[in-house]
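Undergrad: File follows, input-v4.cif with mmCIF, C-alpha atoms:
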data_my_file
#
loop_
_atom_site.label_atom_id
_atom_site.label_comp_id
_atom_site.auth_asym_id
_atom_site.auth_seq_id
_atom_site.Cartn_x
_atom_site.Cartn_y
_atom_site.Cartn_z
CA MET R 1330 11.05 17.26 28.89
CA ASP R 1331 11.37 14.18 31.07
CA MET R 1332 10.22 10.66 30.25
CA ALA R 1333 7.19 10.87 32.56
CA THR R 1334 5.91 13.90 30.61
CA VAL R 1335 6.36 12.08 27.31
CA GLN R 1336 4.47 9.08 28.69
CA ASP R 1337 1.65 11.32 29.88
CA LEU R 1338 1.42 12.96 26.43
CA VAL R 1339 1.37 9.61 24.65
CA GLN R 1340 -1.29 8.24 27.00
CA ALA R 1341 -3.44 11.36 26.72
CA HIS R 1342 -3.08 12.09 22.99
CA GLY R 1343 -1.33 9.09 21.48
CA LEU R 1344 -4.26 7.77 19.47
CA TRP R 1345 -5.05 11.24 18.12
CA LEU R 1346 -1.44 11.57 17.00
CA LEU R 1347 -1.39 8.04 15.61
CA ALA R 1348 -4.40 8.48 13.32
CA PRO R 1349 -2.95 11.00 10.83
CA ILE R 1350 0.51 9.43 10.88
CA THR R 1351 -0.84 6.02 9.84
CA VAL R 1352 -2.31 7.59 6.71
CA LEU R 1353 1.18 8.61 5.60
CA GLU R 1354 3.30 5.72 6.86
CA GLY R 1355 1.66 2.52 7.97
CA PRO R 1356 3.93 -0.43 8.82
CA VAL R 1357 6.64 1.21 10.91
CA VAL R 1358 4.14 3.40 12.73
CA THR R 1359 2.01 0.32 13.42
CA VAL R 1360 5.01 -1.52 14.88
CA ILE R 1361 5.96 1.44 17.08
CA ALA R 1362 2.36 2.02 18.23
CA ALA R 1363 1.97 -1.67 19.10
CA TYR R 1364 5.23 -1.49 21.04
CA LEU R 1365 3.86 1.48 22.99
CA ALA R 1366 0.74 -0.60 23.64
CA SER R 1367 2.93 -3.40 25.02
CA LEU R 1368 4.34 -0.84 27.48
CA GLY R 1369 0.79 0.03 28.57
CA LEU R 1370 0.82 3.49 26.99
CA LEU R 1371 -1.86 2.75 24.37
CA ASN R 1372 -4.71 0.30 23.98
CA VAL R 1373 -3.59 -2.42 21.56
CA TYR R 1374 -7.11 -2.93 20.14
CA ALA R 1375 -7.49 0.78 19.47
CA VAL R 1376 -4.05 0.79 17.82
CA TYR R 1377 -5.17 -2.02 15.50
CA VAL R 1378 -8.43 -0.31 14.52
CA ILE R 1379 -6.78 3.08 13.95
CA CYS R 1380 -3.97 1.54 11.91
CA VAL R 1381 -6.46 -0.33 9.70
CA LEU R 1382 -8.54 2.81 9.18
CA GLY R 1383 -5.45 4.95 8.53
CA ASP R 1384 -4.21 2.46 5.96
CA LEU R 1385 -7.58 2.48 4.19
CA VAL R 1386 -7.70 6.28 4.16
CA GLY R 1387 -4.20 6.42 2.69
CA ASP R 1388 -5.13 3.82 0.07
CA THR R 1389 -8.24 5.79 -0.85
CA LEU R 1390 -6.17 8.95 -1.31
CA MET R 1391 -3.85 7.07 -3.69
CA TYR R 1392 -6.89 5.69 -5.53
CA GLY R 1393 -8.24 9.24 -5.89
CA LEU R 1394 -4.90 10.45 -7.21
CA GLY R 1395 -4.93 7.69 -9.81
CA ARG R 1396 -8.51 8.38 -10.77
CA TYR R 1397 -8.58 12.18 -10.84
CA GLY R 1398 -4.91 13.17 -10.99
CA PRO R 1399 -4.35 12.57 -14.71
CA ARG R 1400 -7.28 14.82 -15.58
CA ILE R 1401 -5.47 17.88 -14.30
CA LEU R 1402 -2.36 17.12 -16.35
CA PRO R 1403 -2.04 18.44 -19.89
CA ALA R 1404 -2.65 15.83 -22.60
CA ARG R 1405 0.99 15.77 -23.69
CA TRP R 1406 2.10 14.92 -20.13
CA GLN R 1407 -0.45 12.14 -19.99
CA LEU R 1408 1.04 10.72 -23.18
CA ARG R 1409 4.57 11.04 -21.78
CA MET R 1410 3.47 9.05 -18.76
CA GLY R 1411 2.05 6.39 -21.07
CA MET R 1412 -1.58 7.02 -20.15
CA THR R 1413 -3.05 6.44 -23.58
CA LYS R 1414 -6.71 5.70 -24.10
CA SER R 1415 -5.97 2.04 -24.85
CA ARG R 1416 -3.99 1.66 -21.61
CA ARG R 1417 -6.79 3.24 -19.60
CA LEU R 1418 -9.26 0.84 -21.21
CA GLY R 1419 -6.91 -2.05 -20.42
CA LEU R 1420 -6.76 -0.96 -16.79
CA ARG R 1421 -10.54 -0.75 -16.67
CA ASP R 1422 -10.85 -4.28 -18.03
CA HIS R 1423 -8.25 -5.60 -15.59
CA PHE R 1424 -9.71 -3.96 -12.51
CA ARG R 1425 -13.21 -5.02 -13.50
CA ASP R 1426 -12.18 -8.67 -13.89
CA GLY R 1427 -9.19 -9.34 -11.62
CA GLY R 1428 -8.52 -6.17 -9.74
CA GLY R 1429 -9.27 -7.65 -6.33
CA ARG R 1430 -6.49 -10.21 -6.64
CA THR R 1431 -4.09 -7.48 -7.77
CA LEU R 1432 -4.91 -5.28 -4.79
CA ILE R 1433 -4.57 -8.09 -2.26
CA LEU R 1434 -1.28 -9.25 -3.78
CA ALA R 1435 0.04 -5.68 -3.78
CA LYS R 1436 -1.06 -5.25 -0.16
CA ILE R 1437 0.63 -8.47 0.96
CA THR R 1438 3.88 -7.91 -0.95
CA HIS R 1439 4.00 -4.31 0.27
CA SER R 1440 6.30 -3.21 -2.54
CA ALA R 1441 3.88 -2.86 -5.45
CA GLY R 1442 1.13 -1.23 -3.44
CA PHE R 1443 1.67 2.34 -4.59
CA ALA R 1444 1.45 1.45 -8.29
CA ALA R 1445 -1.53 -0.88 -7.79
CA LEU R 1446 -3.50 1.75 -5.89
CA LEU R 1447 -2.88 4.37 -8.57
CA ALA R 1448 -3.73 1.86 -11.31
CA ALA R 1449 -6.99 0.91 -9.58
CA GLY R 1450 -7.98 4.56 -9.58
CA ALA R 1451 -6.90 5.08 -13.18
CA GLY R 1452 -8.81 1.93 -14.13
CA ARG R 1453 -11.91 3.33 -12.41
CA MET R 1454 -12.43 0.33 -10.18
CA PRO R 1455 -15.69 0.88 -8.28
CA LEU R 1456 -14.81 2.46 -4.94
CA GLY R 1457 -16.84 -0.04 -2.92
CA TYR R 1458 -14.94 -3.01 -4.41
CA PHE R 1459 -11.67 -1.15 -4.01
CA LEU R 1460 -12.31 -0.58 -0.30
CA TRP R 1461 -13.52 -4.15 0.23
CA TYR R 1462 -10.44 -5.78 -1.32
CA ASN R 1463 -8.12 -3.36 0.45
CA LEU R 1464 -9.81 -4.16 3.75
CA LEU R 1465 -9.32 -7.89 3.08
CA GLY R 1466 -5.61 -7.27 2.53
CA THR R 1467 -5.18 -4.73 5.31
CA LEU R 1468 -6.72 -6.71 8.17
CA PRO R 1469 -4.16 -9.56 8.26
CA LYS R 1470 -1.24 -7.35 7.26
CA THR R 1471 -1.91 -4.82 10.03
CA LEU R 1472 -2.52 -7.62 12.52
CA ALA R 1473 0.88 -9.08 11.65
CA PHE R 1474 2.58 -5.72 12.23
CA VAL R 1475 0.72 -5.24 15.51
CA VAL R 1476 1.84 -8.69 16.71
CA VAL R 1477 5.44 -7.99 15.66
CA GLY R 1478 5.38 -4.56 17.32
CA TYR R 1479 3.76 -5.85 20.50
CA SER R 1480 6.25 -8.71 20.76
CA PHE R 1481 9.44 -7.23 19.32
CA GLY R 1482 8.74 -3.49 19.04
CA TYR R 1483 11.87 -2.54 20.91
CA ALA R 1484 13.73 -3.49 17.70
CA TYR R 1485 11.63 -1.23 15.46
CA ALA R 1486 14.67 0.20 13.63
CA THR R 1487 15.83 -3.31 12.70
CA ILE R 1488 12.28 -4.29 11.71
CA ASP R 1489 12.04 -1.21 9.48
CA ASN R 1490 15.34 -2.18 7.84
CA TYR R 1491 14.08 -5.72 7.18
CA LEU R 1492 10.79 -4.38 5.81
CA PHE R 1493 12.68 -2.14 3.40
CA ARG R 1494 15.00 -4.92 2.26
CA GLY R 1495 12.18 -7.42 1.89
CA SER R 1496 10.08 -4.95 -0.09
CA LEU R 1497 13.05 -4.15 -2.31
CA VAL R 1498 13.67 -7.85 -3.04
CA VAL R 1499 10.01 -8.42 -3.91
CA LEU R 1500 9.95 -5.30 -6.10
CA VAL R 1501 13.07 -6.40 -8.01
CA ALA R 1502 11.62 -9.91 -8.45
CA LEU R 1503 8.37 -8.45 -9.79
CA ALA R 1504 10.28 -6.16 -12.17
CA VAL R 1505 12.36 -9.09 -13.46
CA ALA R 1506 9.25 -11.23 -13.91
CA LEU R 1507 7.52 -8.41 -15.78
CA GLY R 1508 10.58 -7.91 -17.97
CA VAL R 1509 10.75 -11.62 -18.83
CA TRP R 1510 7.03 -11.68 -19.59
CA ILE R 1511 7.31 -8.64 -21.90
CA TRP R 1512 10.40 -10.08 -23.61
CA ARG R 1513 8.66 -13.44 -24.21
CA ARG R 1514 5.57 -11.73 -25.49
CA LYS R 1515 7.57 -9.61 -27.94
CA SER R 1516 9.60 -12.63 -29.01
CA SER R 1517 6.52 -14.72 -29.69
CA THR R 1518 4.83 -11.96 -31.71
CA SER R 1519 7.97 -11.25 -33.76
CA MET R 1520 8.24 -14.96 -34.69
CA GLU R 1521 4.73 -15.17 -36.06
CA PRO R 1522 4.71 -15.43 -39.86
CA ALA R 1523 3.50 -12.40 -41.75
CA GLU R 1524 0.36 -12.89 -43.78
#
Is it possible to express this structure as structure tokens?
TA:
Amino acid sequence: MDMATVQDLVQAHGLWLLAPITVLEGPVVTVIAAYLASLGLLNVYAVYVICVLGDLVGDTLMYGLGRYGPRILPARWQLRMGMTKSRRLGLRDHFRDGGGRTLILAKITHSAGFAALLAAGAGRMPLGYFLWYNLLGTLPKTLAFVVVGYSFGYAYATIDNYLFRGSLVVLVALAVALGVWIWRRKSSTSMEPAE
């Protein structure tokens, strides 16, 4: 297959191929699609819209897994995973009061997104609010990836490497912060005098 044939295929069917792939893997696919748009093979505006929609569909699938997935697991597995009734109630309270901030932060940091999406579903955040806050986080994030891909898409492998490293650093920082918070909380409760 020569390069002209590949270009013809991408121009004819590129957006149809892009749509399902963005559901599974967003950032790198967005960068590559925007790079193809910079070469004139795809429409950059259509790439942006499809990547936003694909990201939202993928997020909604993760939300559904968090909301309905635990129901199909046996009760003992739910307990092993730590999904006690009190934790579910805690998630409901959190996603009722501050879930939007959590979703936007997870979307921007890119590393905690998977857990936040599952937790939003498990916490039964109303789907309309879930989609709204995810849209607010997805629009600028996808735009940034489209701009990077359109401008520097030829270096997509390097960009993917930096995305992975950056996400890993943020994830480790969040884990350390969570560990310190839990340690301080346990320390403060163990120092309280017994009545």
Undergrad: Check the smallest atom-to-atom distance from each of R:Val1505, R:Val1381, R:Ala1404, R:Ala1449 to Ala1473 of chain R using only C-alpha atoms, then report the winner.
TA: R:Val1381
Undergrad: What's around segment 1450-1458 of chain R at 8 Å? Count all atoms listed in the file, leave out sequence neighbours fewer than 2 positions away in its own chain, and write the answer as a ChimeraX atom specification.
TA: /R:1391-1397,1417-1425,1428-1429,1446-1448,1460-1462
Undergrad: Of the candidates R:Lys1414, R:Leu1434, R:Leu1371, R:Val1352, which one gets nearest to Leu1390 of chain R if we count only C-alpha atoms?
TA: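 Counting only C-alpha atoms, the residue closest to Leu1390 of chain R is R:Val1352.
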Undergrad: So how far away is atom CA of Leu1464 of chain R from atom CA of Leu1385 of chain R, in Å?
TA: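 Computing the Euclidean distance for atom CA of Leu1385 of chain R and atom CA of Leu1464 of chain R yields 7.0 Å.
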Undergrad: What's the 12 Å shell around Leu1468 of chain R, counting only C-alpha atoms, without same-chain residues fewer than 2 positions away, as a VMD selection string?
TA: chain R and resid 1377 to 1385 1433 1436 to 1437 1460 to 1466 1470 to 1475
Undergrad: Kindly provide, as a compact mmCIF listing (two decimals) with C-alpha atoms, in the frame of the given file, the polymer residues lying within 8 Å of (-1.9, 0.6, 20.0), counting all atoms listed in the file and using the coordinates exactly as they appear in the file.
TA:
# COMPACT_ATOMS: atom_id res chain seq x y z
CA LEU R 1344 -4.26 7.77 19.47
CA THR R 1359 2.01 0.32 13.42
CA ALA R 1362 2.36 2.02 18.23
CA ALA R 1363 1.97 -1.67 19.10
CA TYR R 1364 5.23 -1.49 21.04
CA LEU R 1365 3.86 1.48 22.99
CA ALA R 1366 0.74 -0.60 23.64
CA LEU R 1371 -1.86 2.75 24.37
CA ASN R 1372 -4.71 0.30 23.98
CA VAL R 1373 -3.59 -2.42 21.56
CA TYR R 1374 -7.11 -2.93 20.14
CA ALA R 1375 -7.49 0.78 19.47
CA VAL R 1376 -4.05 0.79 17.82
CA TYR R 1377 -5.17 -2.02 15.50
CA VAL R 1475 0.72 -5.24 15.51
Undergrad: Rounded to one decimal, what separation in Å do you get between atom CA of Leu1347 of chain R and atom CA of Thr1431 of chain R?
TA: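 Atom CA of Thr1431 of chain R lies at a distance of 28.2 Å from atom CA of Leu1347 of chain R.
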Undergrad: Which distance in Å separates atom CA of Gly1442 of chain R and atom CA of Arg1514 of chain R, to one decimal?
TA: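 Distance reported for this atom pair: 24.8 Å.
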Undergrad: Residues around (8.1, -8.2, 22.3), cut-off 12 Å, counting all atoms listed in the file - what are they as a PyMOL selection string?
TA: chain R and resi 1360-1361+1363-1368+1474-1485
Undergrad: Output C-alpha atoms for every residue in the selection just made, as a PDB file, in the frame of the given file.
TA:
ATOM      1  CA  VAL R1360       5.010  -1.520  14.880  1.00  0.00           C
ATOM      2  CA  ILE R1361       5.960   1.440  17.080  1.00  0.00           C
ATOM      3  CA  ALA R1363       1.970  -1.670  19.100  1.00  0.00           C
ATOM      4  CA  TYR R1364       5.230  -1.490  21.040  1.00  0.00           C
ATOM      5  CA  LEU R1365       3.860   1.480  22.990  1.00  0.00           C
ATOM      6  CA  ALA R1366       0.740  -0.600  23.640  1.00  0.00           C
ATOM      7  CA  SER R1367       2.930  -3.400  25.020  1.00  0.00           C
ATOM      8  CA  LEU R1368       4.340  -0.840  27.480  1.00  0.00           C
ATOM      9  CA  PHE R1474       2.580  -5.720  12.230  1.00  0.00           C
ATOM     10  CA  VAL R1475       0.720  -5.240  15.510  1.00  0.00           C
ATOM     11  CA  VAL R1476       1.840  -8.690  16.710  1.00  0.00           C
ATOM     12  CA  VAL R1477       5.440  -7.990  15.660  1.00  0.00           C
ATOM     13  CA  GLY R1478       5.380  -4.560  17.320  1.00  0.00           C
ATOM     14  CA  TYR R1479       3.760  -5.850  20.500  1.00  0.00           C
ATOM     15  CA  SER R1480       6.250  -8.710  20.760  1.00  0.00           C
ATOM     16  CA  PHE R1481       9.440  -7.230  19.320  1.00  0.00           C
ATOM     17  CA  GLY R1482       8.740  -3.490  19.040  1.00  0.00           C
ATOM     18  CA  TYR R1483      11.870  -2.540  20.910  1.00  0.00           C
ATOM     19  CA  ALA R1484      13.730  -3.490  17.700  1.00  0.00           C
ATOM     20  CA  TYR R1485      11.630  -1.230  15.460  1.00  0.00           C
TER      21      TYR R1485
END
Undergrad: The centre and edge lengths of an axis-aligned box containing all atoms of segment 1377-1382 of chain R present in the file, extended by 3 Å on each side, are to be given in Å to one decimal, as JSON.
TA:
{"center_x": -6.3, "center_y": 0.5, "center_z": 12.3, "size_x": 10.6, "size_y": 11.1, "size_z": 12.3}
